[in-house]
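> I'd like to ask some things about the structure below.
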Amino acid sequence: MDDHAPVTPGWTCGTCGADWPCTTKRARLLEEYRVDRAMLSVYLGSCLAAAAQDLAPAPGTTLQDRFMGWLPRQHRRE
């Protein structure tokens, strides 16, 4: 199946082999959670917590950047 699910403990994409969430999965998650971005953040936060237990810290990009840094930011209303 072409669902771009993570393969643990390496947290790679089971479809394309890229670091998860891959580009395709990111686009799909944004579409799936388009009306509830807060729940997308909760979901990705739980994935981040699980990945932090599985993966050794990597130089350069942090796991937080990988799992959460790509999310579009909404401007705060003042």
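Ligands are numbered from 1 in the order shown, chains are lettered A, B, ... in the order of the structure tokens, and residues start at 1 in each chain.
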Got a sec to tell me which of chain A DSSP assigns to strand (DSSP E), as a list in words?

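Of chain A, the ones in strand (DSSP E) are Pro6, Val7, Thr12 and Cys13 of chain A.
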
> Using only all heavy atoms, please write the residues we just selected to a file, as a short mmCIF file (atom, residue, chain, number, x, y, z; two decimals), in the first residue's frame.


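So the final result, stored in selection-v5.cif, reads:
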data_model
loop_
_atom_site.label_atom_id
_atom_site.label_comp_id
_atom_site.auth_asym_id
_atom_site.auth_seq_id
_atom_site.Cartn_x
_atom_site.Cartn_y
_atom_site.Cartn_z
N PRO A 6 5.44 5.21 8.74
CA PRO A 6 6.80 5.08 9.28
C PRO A 6 7.16 3.63 9.58
O PRO A 6 6.31 2.83 9.98
CB PRO A 6 6.75 5.89 10.57
CG PRO A 6 5.32 5.84 10.99
CD PRO A 6 4.52 5.79 9.72
N VAL A 7 8.43 3.32 9.36
CA VAL A 7 8.97 2.02 9.74
C VAL A 7 9.92 2.28 10.90
O VAL A 7 10.90 3.03 10.77
CB VAL A 7 9.72 1.36 8.56
CG1 VAL A 7 10.37 0.06 8.99
CG2 VAL A 7 8.78 1.14 7.38
N THR A 12 11.89 5.61 9.05
CA THR A 12 11.95 5.89 7.63
C THR A 12 10.59 5.59 7.02
O THR A 12 9.77 4.88 7.61
CB THR A 12 13.02 5.03 6.93
OG1 THR A 12 12.74 3.65 7.18
CG2 THR A 12 14.42 5.38 7.41
N CYS A 13 10.34 6.12 5.84
CA CYS A 13 9.08 5.90 5.16
C CYS A 13 9.07 4.49 4.56
O CYS A 13 10.00 4.11 3.85
CB CYS A 13 8.88 6.94 4.07
SG CYS A 13 7.40 6.66 3.08
#

> From the list A:Arg66, A:Tyr43, A:Arg37, A:Ala51, which residue is nearest Thr23 of chain A when using only C-alpha atoms?

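Answer, going by the shortest atom-to-atom distance: A:Arg66.
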
> Determine, counting only C-alpha atoms, which protein, DNA and RNA residues have an atom within 12 Å of an atom of Gly10 of chain A; residues of the same chain fewer than 4 positions away are not included. Present the result as a list in words.

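The residues satisfying every condition are Pro6, Gly14, Gly17, Ala18, Asp19, Trp20, Pro21, Ala50, Ala51, Ala52, Gln53, Asp54, Leu55 and Ala56 of chain A.
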
> Residues at most 8 Å from Lys25 of chain A, counting only C-alpha atoms, excluding those fewer than 5 positions away in the same chain, as a list in words?

Asp3, His4, Ala5 and Trp20 of chain A

> Could you take the residues named above and write them with all heavy atoms, as a compact mmCIF listing (two decimals), in the first residue's frame?


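Once everything was written out, this is again05.txt:
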# COMPACT_ATOMS: atom_id res chain seq x y z
N ASP A 3 0.85 4.20 1.57
CA ASP A 3 0.40 5.13 2.61
C ASP A 3 1.53 5.91 3.28
O ASP A 3 1.27 6.76 4.10
CB ASP A 3 -0.43 4.40 3.66
CG ASP A 3 0.35 3.33 4.39
OD1 ASP A 3 1.50 3.04 4.01
OD2 ASP A 3 -0.19 2.76 5.36
N HIS A 4 2.76 5.63 2.91
CA HIS A 4 3.92 6.36 3.44
C HIS A 4 3.95 6.33 4.97
O HIS A 4 4.16 7.35 5.62
CB HIS A 4 3.97 7.78 2.89
CG HIS A 4 4.27 7.81 1.42
ND1 HIS A 4 5.54 7.96 0.93
CD2 HIS A 4 3.45 7.69 0.34
CE1 HIS A 4 5.50 7.93 -0.39
NE2 HIS A 4 4.23 7.76 -0.76
N ALA A 5 3.74 5.17 5.54
CA ALA A 5 3.76 4.98 6.99
C ALA A 5 5.20 4.83 7.48
O ALA A 5 6.08 4.38 6.74
CB ALA A 5 2.95 3.73 7.36
N TRP A 20 11.00 9.82 7.82
CA TRP A 20 9.57 10.04 8.03
C TRP A 20 9.38 11.21 8.98
O TRP A 20 10.12 11.30 9.97
CB TRP A 20 8.94 8.78 8.59
CG TRP A 20 7.45 8.83 8.54
CD1 TRP A 20 6.67 8.35 7.53
CD2 TRP A 20 6.56 9.38 9.50
NE1 TRP A 20 5.35 8.59 7.81
CE2 TRP A 20 5.25 9.23 9.01
CE3 TRP A 20 6.73 10.01 10.73
CZ2 TRP A 20 4.13 9.65 9.70
CZ3 TRP A 20 5.63 10.45 11.41
CH2 TRP A 20 4.34 10.27 10.91

> Mind checking which residues fall within 12 Å of Leu71 of chain A, counting only C-alpha atoms, ignoring those fewer than 6 positions away in the same chain, and posting them as a list in words?

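Near neighbours after the sequence-gap exclusion: Pro21, Thr23, Arg26, Ala27, Leu29, Leu30, Glu31, Tyr33, Arg34, Arg37, Ala38, Leu40, Ser41, Leu44, Gly45, Gln64 and Asp65 of chain A.
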
> Report as a VMD selection string: the residues of chain A with a DSSP assignment of alpha helix (DSSP H), based on the backbone of this structure.

chain A and resid 23 to 32 37 to 54 63 to 67

> Write the residues of the preceding selection, restricted to N, CA, C and O atoms, as a short mmCIF file (atom, residue, chain, number, x, y, z; two decimals), in the first residue's frame.


data_model
loop_
_atom_site.label_atom_id
_atom_site.label_comp_id
_atom_site.auth_asym_id
_atom_site.auth_seq_id
_atom_site.Cartn_x
_atom_site.Cartn_y
_atom_site.Cartn_z
N THR A 23 8.11 13.87 2.28
CA THR A 23 7.40 14.96 1.62
C THR A 23 5.96 14.59 1.29
O THR A 23 5.03 15.38 1.51
N THR A 24 5.76 13.39 0.77
CA THR A 24 4.41 12.95 0.41
C THR A 24 3.53 12.84 1.64
O THR A 24 2.38 13.29 1.65
N LYS A 25 4.06 12.27 2.72
CA LYS A 25 3.26 12.12 3.94
C LYS A 25 2.93 13.48 4.55
O LYS A 25 1.83 13.69 5.06
N ARG A 26 3.86 14.41 4.48
CA ARG A 26 3.60 15.75 5.00
C ARG A 26 2.41 16.37 4.29
O ARG A 26 1.52 16.94 4.93
N ALA A 27 2.40 16.28 2.97
CA ALA A 27 1.29 16.84 2.19
C ALA A 27 -0.02 16.15 2.55
O ALA A 27 -1.06 16.81 2.70
N ARG A 28 0.02 14.85 2.71
CA ARG A 28 -1.19 14.11 3.06
C ARG A 28 -1.68 14.46 4.46
O ARG A 28 -2.88 14.57 4.69
N LEU A 29 -0.77 14.64 5.40
CA LEU A 29 -1.17 15.02 6.75
C LEU A 29 -1.80 16.41 6.78
O LEU A 29 -2.80 16.63 7.47
N LEU A 30 -1.21 17.34 6.03
CA LEU A 30 -1.80 18.68 5.97
C LEU A 30 -3.21 18.64 5.41
O LEU A 30 -4.09 19.35 5.88
N GLU A 31 -3.44 17.81 4.43
CA GLU A 31 -4.78 17.69 3.85
C GLU A 31 -5.73 17.00 4.84
O GLU A 31 -6.85 17.45 5.05
N GLU A 32 -5.27 15.91 5.43
CA GLU A 32 -6.11 15.15 6.37
C GLU A 32 -6.53 15.98 7.57
O GLU A 32 -7.66 15.89 8.05
N ARG A 37 -5.65 21.66 12.80
CA ARG A 37 -4.19 21.66 12.87
C ARG A 37 -3.67 21.36 14.27
O ARG A 37 -2.58 20.85 14.43
N ALA A 38 -4.45 21.69 15.30
CA ALA A 38 -4.02 21.39 16.67
C ALA A 38 -3.86 19.88 16.85
O ALA A 38 -2.88 19.42 17.46
N MET A 39 -4.78 19.11 16.31
CA MET A 39 -4.68 17.65 16.44
C MET A 39 -3.51 17.10 15.63
O MET A 39 -2.88 16.12 16.02
N LEU A 40 -3.18 17.74 14.51
CA LEU A 40 -1.99 17.33 13.76
C LEU A 40 -0.75 17.55 14.62
O LEU A 40 0.14 16.69 14.65
N SER A 41 -0.69 18.65 15.32
CA SER A 41 0.45 18.91 16.21
C SER A 41 0.53 17.87 17.32
O SER A 41 1.62 17.41 17.67
N VAL A 42 -0.61 17.49 17.87
CA VAL A 42 -0.63 16.46 18.92
C VAL A 42 -0.13 15.13 18.35
O VAL A 42 0.70 14.45 18.97
N TYR A 43 -0.63 14.76 17.17
CA TYR A 43 -0.21 13.51 16.53
C TYR A 43 1.30 13.50 16.27
O TYR A 43 2.00 12.56 16.62
N LEU A 44 1.80 14.57 15.67
CA LEU A 44 3.22 14.63 15.36
C LEU A 44 4.07 14.69 16.63
O LEU A 44 5.17 14.15 16.68
N GLY A 45 3.54 15.34 17.67
CA GLY A 45 4.25 15.36 18.95
C GLY A 45 4.39 13.97 19.54
O GLY A 45 5.43 13.62 20.10
N SER A 46 3.37 13.15 19.40
CA SER A 46 3.46 11.77 19.91
C SER A 46 4.45 10.96 19.07
O SER A 46 5.20 10.14 19.61
N CYS A 47 4.48 11.21 17.77
CA CYS A 47 5.46 10.54 16.92
C CYS A 47 6.87 10.99 17.29
O CYS A 47 7.80 10.17 17.35
N LEU A 48 7.04 12.27 17.54
CA LEU A 48 8.33 12.82 17.95
C LEU A 48 8.81 12.17 19.25
O LEU A 48 9.97 11.77 19.37
N ALA A 49 7.91 12.02 20.21
CA ALA A 49 8.29 11.39 21.49
C ALA A 49 8.73 9.94 21.29
O ALA A 49 9.72 9.51 21.87
N ALA A 50 8.01 9.22 20.45
CA ALA A 50 8.38 7.83 20.17
C ALA A 50 9.71 7.76 19.43
O ALA A 50 10.57 6.92 19.74
N ALA A 51 9.90 8.64 18.45
CA ALA A 51 11.15 8.63 17.68
C ALA A 51 12.34 9.00 18.55
O ALA A 51 13.44 8.48 18.37
N ALA A 52 12.13 9.89 19.50
CA ALA A 52 13.22 10.30 20.40
C ALA A 52 13.74 9.12 21.21
O ALA A 52 14.91 9.09 21.58
N GLN A 53 12.88 8.16 21.49
CA GLN A 53 13.31 6.97 22.21
C GLN A 53 14.05 6.00 21.29
O GLN A 53 14.91 5.26 21.73
N ASP A 54 13.70 6.01 20.00
CA ASP A 54 14.29 5.06 19.05
C ASP A 54 15.57 5.55 18.39
O ASP A 54 16.43 4.75 18.04
N LEU A 63 15.33 16.46 15.85
CA LEU A 63 14.11 15.69 15.63
C LEU A 63 12.88 16.60 15.64
O LEU A 63 11.92 16.38 14.90
N GLN A 64 12.92 17.62 16.47
CA GLN A 64 11.80 18.56 16.50
C GLN A 64 11.62 19.23 15.15
O GLN A 64 10.50 19.39 14.66
N ASP A 65 12.71 19.63 14.51
CA ASP A 65 12.62 20.22 13.18
C ASP A 65 12.04 19.22 12.18
O ASP A 65 11.21 19.56 11.35
N ARG A 66 12.48 18.00 12.29
CA ARG A 66 12.03 16.95 11.37
C ARG A 66 10.54 16.65 11.50
O ARG A 66 9.84 16.49 10.51
N PHE A 67 10.07 16.57 12.72
CA PHE A 67 8.68 16.18 12.95
C PHE A 67 7.72 17.36 13.01
O PHE A 67 6.55 17.21 12.66
#
